[in-house]
$ cat structure.pdb   # PDB, C-alpha atoms
MODEL        1
ATOM      1  CA  MET A   1      21.359 -14.345 -26.897  1.00  0.00           C
ATOM      2  CA  GLN A   2      19.452 -15.828 -23.980  1.00  0.00           C
ATOM      3  CA  PHE A   3      19.019 -13.909 -20.756  1.00  0.00           C
ATOM      4  CA  SER A   4      18.939 -15.653 -17.402  1.00  0.00           C
ATOM      5  CA  PHE A   5      15.762 -15.724 -15.356  1.00  0.00           C
ATOM      6  CA  GLY A   6      17.189 -13.235 -12.859  1.00  0.00           C
ATOM      7  CA  MET A   7      18.059 -10.797 -15.624  1.00  0.00           C
ATOM      8  CA  ARG A   8      14.543 -11.072 -17.066  1.00  0.00           C
ATOM      9  CA  VAL A   9      12.975 -10.396 -13.671  1.00  0.00           C
ATOM     10  CA  LEU A  10      15.287  -7.435 -13.112  1.00  0.00           C
ATOM     11  CA  THR A  11      14.354  -6.002 -16.510  1.00  0.00           C
ATOM     12  CA  VAL A  12      10.624  -6.346 -15.819  1.00  0.00           C
ATOM     13  CA  VAL A  13      11.016  -4.743 -12.379  1.00  0.00           C
ATOM     14  CA  ALA A  14      12.959  -1.832 -13.889  1.00  0.00           C
ATOM     15  CA  ALA A  15      10.216  -1.394 -16.498  1.00  0.00           C
ATOM     16  CA  LEU A  16       7.592  -1.464 -13.751  1.00  0.00           C
ATOM     17  CA  PHE A  17       9.411   1.247 -11.798  1.00  0.00           C
ATOM     18  CA  ALA A  18       9.691   3.368 -14.947  1.00  0.00           C
ATOM     19  CA  ALA A  19       5.959   2.874 -15.618  1.00  0.00           C
ATOM     20  CA  ILE A  20       5.134   3.927 -12.050  1.00  0.00           C
ATOM     21  CA  ILE A  21       7.188   7.099 -12.508  1.00  0.00           C
ATOM     22  CA  VAL A  22       5.301   7.807 -15.755  1.00  0.00           C
ATOM     23  CA  GLY A  23       2.011   7.324 -13.901  1.00  0.00           C
ATOM     24  CA  MET A  24       3.049   9.637 -11.080  1.00  0.00           C
ATOM     25  CA  VAL A  25       4.021  12.346 -13.553  1.00  0.00           C
ATOM     26  CA  ALA A  26       0.701  11.925 -15.383  1.00  0.00           C
ATOM     27  CA  GLY A  27      -1.218  12.208 -12.114  1.00  0.00           C
ATOM     28  CA  VAL A  28       0.652  15.328 -11.041  1.00  0.00           C
ATOM     29  CA  LEU A  29       0.132  16.941 -14.433  1.00  0.00           C
ATOM     30  CA  ALA A  30      -3.580  16.147 -14.246  1.00  0.00           C
ATOM     31  CA  TYR A  31      -3.713  17.695 -10.770  1.00  0.00           C
ATOM     32  CA  LEU A  32      -1.965  20.829 -11.983  1.00  0.00           C
ATOM     33  CA  ASP A  33      -4.487  20.997 -14.820  1.00  0.00           C
ATOM     34  CA  GLY A  34      -7.275  21.256 -12.245  1.00  0.00           C
ATOM     35  CA  ALA A  35      -8.623  17.693 -12.125  1.00  0.00           C
ATOM     36  CA  LYS A  36      -9.965  16.292  -8.860  1.00  0.00           C
ATOM     37  CA  VAL A  37      -7.895  13.778  -6.912  1.00  0.00           C
ATOM     38  CA  PRO A  38      -9.854  10.629  -7.928  1.00  0.00           C
ATOM     39  CA  ALA A  39      -9.536  11.627 -11.585  1.00  0.00           C
ATOM     40  CA  CYS A  40      -5.802  12.141 -11.116  1.00  0.00           C
ATOM     41  CA  ILE A  41      -5.466   8.672  -9.609  1.00  0.00           C
ATOM     42  CA  MET A  42      -7.411   7.159 -12.503  1.00  0.00           C
ATOM     43  CA  ARG A  43      -5.249   8.959 -15.076  1.00  0.00           C
ATOM     44  CA  GLY A  44      -2.089   7.901 -13.319  1.00  0.00           C
ATOM     45  CA  GLY A  45      -3.224   4.283 -13.159  1.00  0.00           C
ATOM     46  CA  ALA A  46      -4.159   4.271 -16.811  1.00  0.00           C
ATOM     47  CA  SER A  47      -0.771   5.731 -17.653  1.00  0.00           C
ATOM     48  CA  VAL A  48       0.991   2.999 -15.676  1.00  0.00           C
ATOM     49  CA  GLY A  49      -0.923   0.339 -17.579  1.00  0.00           C
ATOM     50  CA  ALA A  50      -0.242   1.914 -20.956  1.00  0.00           C
ATOM     51  CA  ALA A  51       3.453   2.483 -20.252  1.00  0.00           C
ATOM     52  CA  MET A  52       3.924  -1.061 -18.928  1.00  0.00           C
ATOM     53  CA  SER A  53       2.220  -2.465 -22.020  1.00  0.00           C
ATOM     54  CA  VAL A  54       4.557  -0.510 -24.285  1.00  0.00           C
ATOM     55  CA  PHE A  55       7.605  -1.569 -22.265  1.00  0.00           C
ATOM     56  CA  VAL A  56       6.642  -5.262 -22.412  1.00  0.00           C
ATOM     57  CA  VAL A  57       5.990  -5.102 -26.165  1.00  0.00           C
ATOM     58  CA  VAL A  58       9.403  -3.490 -26.701  1.00  0.00           C
ATOM     59  CA  MET A  59      11.122  -6.103 -24.505  1.00  0.00           C
ATOM     60  CA  VAL A  60       9.448  -8.931 -26.433  1.00  0.00           C
ATOM     61  CA  ALA A  61      10.417  -7.325 -29.758  1.00  0.00           C
ATOM     62  CA  LEU A  62      14.031  -7.034 -28.603  1.00  0.00           C
ATOM     63  CA  GLY A  63      14.068 -10.660 -27.455  1.00  0.00           C
ATOM     64  CA  VAL A  64      14.546  -9.997 -23.767  1.00  0.00           C
ATOM     65  CA  LEU A  65      11.389 -11.870 -22.708  1.00  0.00           C
ATOM     66  CA  VAL A  66      11.553 -14.784 -25.146  1.00  0.00           C
TER
ENDMDL
END
$ encode --input "structure.pdb" --output "structure tokens"
Amino acid sequence: MQFSFGMRVLTVVAALFAAIIVGMVAGVLAYLDGAKVPACIMRGGASVGAAMSVFVVVMVALGVLV
């Protein structure tokens, strides 16, 4: 089944928002663990990148981004 371009963009944007939420949670958890603010930002950013990578790999495996 082929998805339209608009549906693909919407799926990627939803995955990006989910990855940002994951990054925010990771940053807050790092802050609560006692890390300094720059370290929390770095951990959150790394979490966004890792989560987005996983989301894109799953979307490609499911055939959404083919």
$ residues_around --input "structure.pdb" --residues "range 37-52 of chain A" --least-positions-apart "2" --cutoff "8 Å" --atoms "only C-alpha atoms" --output "MDAnalysis selection string"
chainID A and resid 15:16 19:20 22:28 30:31 35 54:56
$ atom_distance --input "structure.pdb" --atom1 "CA of Gly63 in chain A" --atom2 "CA of Phe3 in chain A"
8.9 Å
$ atom_distance --input "structure.pdb" --atom1 "CA of Leu10 in chain A" --atom2 "CA of Leu29 in chain A"
28.7 Å
$ axis_aligned_box --input "structure.pdb" --around "range 34-44 of chain A" --padding-each-side "3 Å" --output "AutoDock Vina command-line options"
--center_x -6.0 --center_y 14.2 --center_z -11.0 --size_x 13.9 --size_y 20.1 --size_z 14.2
$ atom_distance --input "structure.pdb" --atom1 "CA of Ala14 in chain A" --atom2 "CA of Leu32 in chain A"
27.2 Å
$ closest_residue --input "structure.pdb" --among "A:Ser53, A:Gln2, A:Val60, A:Leu65" --to "Ala18 in chain A" --atoms "only C-alpha atoms"
A:Ser53
$ decode --input "structure.pdb" --residues "range 37-53 of chain A" --atoms "all heavy atoms" --output "PDB file, in the first residue's frame"
ATOM      1  N   VAL A  37      22.706  21.887  33.936  1.00  0.00           N
ATOM      2  CA  VAL A  37      21.792  22.203  32.837  1.00  0.00           C
ATOM      3  C   VAL A  37      22.403  21.903  31.461  1.00  0.00           C
ATOM      4  O   VAL A  37      21.733  21.300  30.608  1.00  0.00           O
ATOM      5  CB  VAL A  37      21.305  23.668  32.935  1.00  0.00           C
ATOM      6  CG1 VAL A  37      20.477  24.045  31.722  1.00  0.00           C
ATOM      7  CG2 VAL A  37      20.493  23.860  34.205  1.00  0.00           C
ATOM      8  N   PRO A  38      23.653  22.290  31.170  1.00  0.00           N
ATOM      9  CA  PRO A  38      24.198  21.940  29.848  1.00  0.00           C
ATOM     10  C   PRO A  38      24.250  20.435  29.593  1.00  0.00           C
ATOM     11  O   PRO A  38      23.987  19.974  28.477  1.00  0.00           O
ATOM     12  CB  PRO A  38      25.604  22.530  29.872  1.00  0.00           C
ATOM     13  CG  PRO A  38      25.542  23.633  30.856  1.00  0.00           C
ATOM     14  CD  PRO A  38      24.584  23.161  31.905  1.00  0.00           C
ATOM     15  N   ALA A  39      24.542  19.663  30.631  1.00  0.00           N
ATOM     16  CA  ALA A  39      24.555  18.206  30.481  1.00  0.00           C
ATOM     17  C   ALA A  39      23.149  17.682  30.223  1.00  0.00           C
ATOM     18  O   ALA A  39      22.971  16.740  29.437  1.00  0.00           O
ATOM     19  CB  ALA A  39      25.143  17.558  31.719  1.00  0.00           C
ATOM     20  N   CYS A  40      22.163  18.282  30.847  1.00  0.00           N
ATOM     21  CA  CYS A  40      20.774  17.871  30.616  1.00  0.00           C
ATOM     22  C   CYS A  40      20.353  18.155  29.179  1.00  0.00           C
ATOM     23  O   CYS A  40      19.672  17.340  28.550  1.00  0.00           O
ATOM     24  CB  CYS A  40      19.843  18.604  31.570  1.00  0.00           C
ATOM     25  SG  CYS A  40      20.118  18.211  33.302  1.00  0.00           S
ATOM     26  N   ILE A  41      20.779  19.300  28.657  1.00  0.00           N
ATOM     27  CA  ILE A  41      20.450  19.648  27.276  1.00  0.00           C
ATOM     28  C   ILE A  41      21.123  18.673  26.314  1.00  0.00           C
ATOM     29  O   ILE A  41      20.514  18.226  25.330  1.00  0.00           O
ATOM     30  CB  ILE A  41      20.853  21.101  26.981  1.00  0.00           C
ATOM     31  CG1 ILE A  41      19.976  22.053  27.806  1.00  0.00           C
ATOM     32  CG2 ILE A  41      20.744  21.412  25.496  1.00  0.00           C
ATOM     33  CD1 ILE A  41      20.413  23.492  27.773  1.00  0.00           C
ATOM     34  N   MET A  42      22.370  18.322  26.594  1.00  0.00           N
ATOM     35  CA  MET A  42      23.083  17.375  25.741  1.00  0.00           C
ATOM     36  C   MET A  42      22.411  15.996  25.778  1.00  0.00           C
ATOM     37  O   MET A  42      22.256  15.337  24.745  1.00  0.00           O
ATOM     38  CB  MET A  42      24.538  17.250  26.181  1.00  0.00           C
ATOM     39  CG  MET A  42      25.368  18.472  25.893  1.00  0.00           C
ATOM     40  SD  MET A  42      25.598  18.748  24.137  1.00  0.00           S
ATOM     41  CE  MET A  42      26.666  17.390  23.752  1.00  0.00           C
ATOM     42  N   ARG A  43      22.007  15.550  26.951  1.00  0.00           N
ATOM     43  CA  ARG A  43      21.346  14.248  27.058  1.00  0.00           C
ATOM     44  C   ARG A  43      19.997  14.256  26.349  1.00  0.00           C
ATOM     45  O   ARG A  43      19.627  13.285  25.695  1.00  0.00           O
ATOM     46  CB  ARG A  43      21.160  13.858  28.517  1.00  0.00           C
ATOM     47  CG  ARG A  43      22.447  13.491  29.197  1.00  0.00           C
ATOM     48  CD  ARG A  43      22.206  13.061  30.619  1.00  0.00           C
ATOM     49  NE  ARG A  43      23.466  12.991  31.361  1.00  0.00           N
ATOM     50  CZ  ARG A  43      23.555  12.675  32.623  1.00  0.00           C
ATOM     51  NH1 ARG A  43      22.475  12.391  33.316  1.00  0.00           N
ATOM     52  NH2 ARG A  43      24.735  12.631  33.220  1.00  0.00           N
ATOM     53  N   GLY A  44      19.282  15.341  26.502  1.00  0.00           N
ATOM     54  CA  GLY A  44      18.000  15.450  25.814  1.00  0.00           C
ATOM     55  C   GLY A  44      18.158  15.452  24.302  1.00  0.00           C
ATOM     56  O   GLY A  44      17.409  14.794  23.589  1.00  0.00           O
ATOM     57  N   GLY A  45      19.151  16.185  23.811  1.00  0.00           N
ATOM     58  CA  GLY A  45      19.402  16.221  22.373  1.00  0.00           C
ATOM     59  C   GLY A  45      19.819  14.874  21.824  1.00  0.00           C
ATOM     60  O   GLY A  45      19.390  14.459  20.742  1.00  0.00           O
ATOM     61  N   ALA A  46      20.661  14.187  22.573  1.00  0.00           N
ATOM     62  CA  ALA A  46      21.071  12.848  22.144  1.00  0.00           C
ATOM     63  C   ALA A  46      19.885  11.894  22.134  1.00  0.00           C
ATOM     64  O   ALA A  46      19.766  11.040  21.239  1.00  0.00           O
ATOM     65  CB  ALA A  46      22.169  12.329  23.062  1.00  0.00           C
ATOM     66  N   SER A  47      18.997  12.052  23.092  1.00  0.00           N
ATOM     67  CA  SER A  47      17.812  11.202  23.141  1.00  0.00           C
ATOM     68  C   SER A  47      16.878  11.474  21.970  1.00  0.00           C
ATOM     69  O   SER A  47      16.267  10.548  21.425  1.00  0.00           O
ATOM     70  CB  SER A  47      17.066  11.403  24.452  1.00  0.00           C
ATOM     71  OG  SER A  47      17.879  11.027  25.530  1.00  0.00           O
ATOM     72  N   VAL A  48      16.761  12.736  21.575  1.00  0.00           N
ATOM     73  CA  VAL A  48      15.935  13.076  20.413  1.00  0.00           C
ATOM     74  C   VAL A  48      16.500  12.405  19.168  1.00  0.00           C
ATOM     75  O   VAL A  48      15.772  11.806  18.373  1.00  0.00           O
ATOM     76  CB  VAL A  48      15.834  14.602  20.225  1.00  0.00           C
ATOM     77  CG1 VAL A  48      15.214  14.944  18.878  1.00  0.00           C
ATOM     78  CG2 VAL A  48      15.032  15.227  21.331  1.00  0.00           C
ATOM     79  N   GLY A  49      17.812  12.502  18.995  1.00  0.00           N
ATOM     80  CA  GLY A  49      18.436  11.888  17.826  1.00  0.00           C
ATOM     81  C   GLY A  49      18.277  10.379  17.806  1.00  0.00           C
ATOM     82  O   GLY A  49      17.971   9.787  16.763  1.00  0.00           O
ATOM     83  N   ALA A  50      18.464   9.750  18.948  1.00  0.00           N
ATOM     84  CA  ALA A  50      18.329   8.292  19.014  1.00  0.00           C
ATOM     85  C   ALA A  50      16.883   7.859  18.780  1.00  0.00           C
ATOM     86  O   ALA A  50      16.623   6.904  18.027  1.00  0.00           O
ATOM     87  CB  ALA A  50      18.816   7.793  20.371  1.00  0.00           C
ATOM     88  N   ALA A  51      15.945   8.553  19.397  1.00  0.00           N
ATOM     89  CA  ALA A  51      14.532   8.188  19.229  1.00  0.00           C
ATOM     90  C   ALA A  51      14.082   8.403  17.783  1.00  0.00           C
ATOM     91  O   ALA A  51      13.376   7.556  17.213  1.00  0.00           O
ATOM     92  CB  ALA A  51      13.660   9.005  20.179  1.00  0.00           C
ATOM     93  N   MET A  52      14.507   9.503  17.162  1.00  0.00           N
ATOM     94  CA  MET A  52      14.121   9.768  15.783  1.00  0.00           C
ATOM     95  C   MET A  52      14.710   8.715  14.855  1.00  0.00           C
ATOM     96  O   MET A  52      14.050   8.285  13.904  1.00  0.00           O
ATOM     97  CB  MET A  52      14.554  11.177  15.371  1.00  0.00           C
ATOM     98  CG  MET A  52      13.917  11.663  14.119  1.00  0.00           C
ATOM     99  SD  MET A  52      12.129  11.769  14.304  1.00  0.00           S
ATOM    100  CE  MET A  52      11.649  11.894  12.602  1.00  0.00           C
ATOM    101  N   SER A  53      15.934   8.292  15.132  1.00  0.00           N
ATOM    102  CA  SER A  53      16.550   7.243  14.313  1.00  0.00           C
ATOM    103  C   SER A  53      15.749   5.945  14.404  1.00  0.00           C
ATOM    104  O   SER A  53      15.495   5.289  13.384  1.00  0.00           O
ATOM    105  CB  SER A  53      17.984   6.995  14.764  1.00  0.00           C
ATOM    106  OG  SER A  53      18.771   8.141  14.569  1.00  0.00           O
TER     107      SER A  53
END
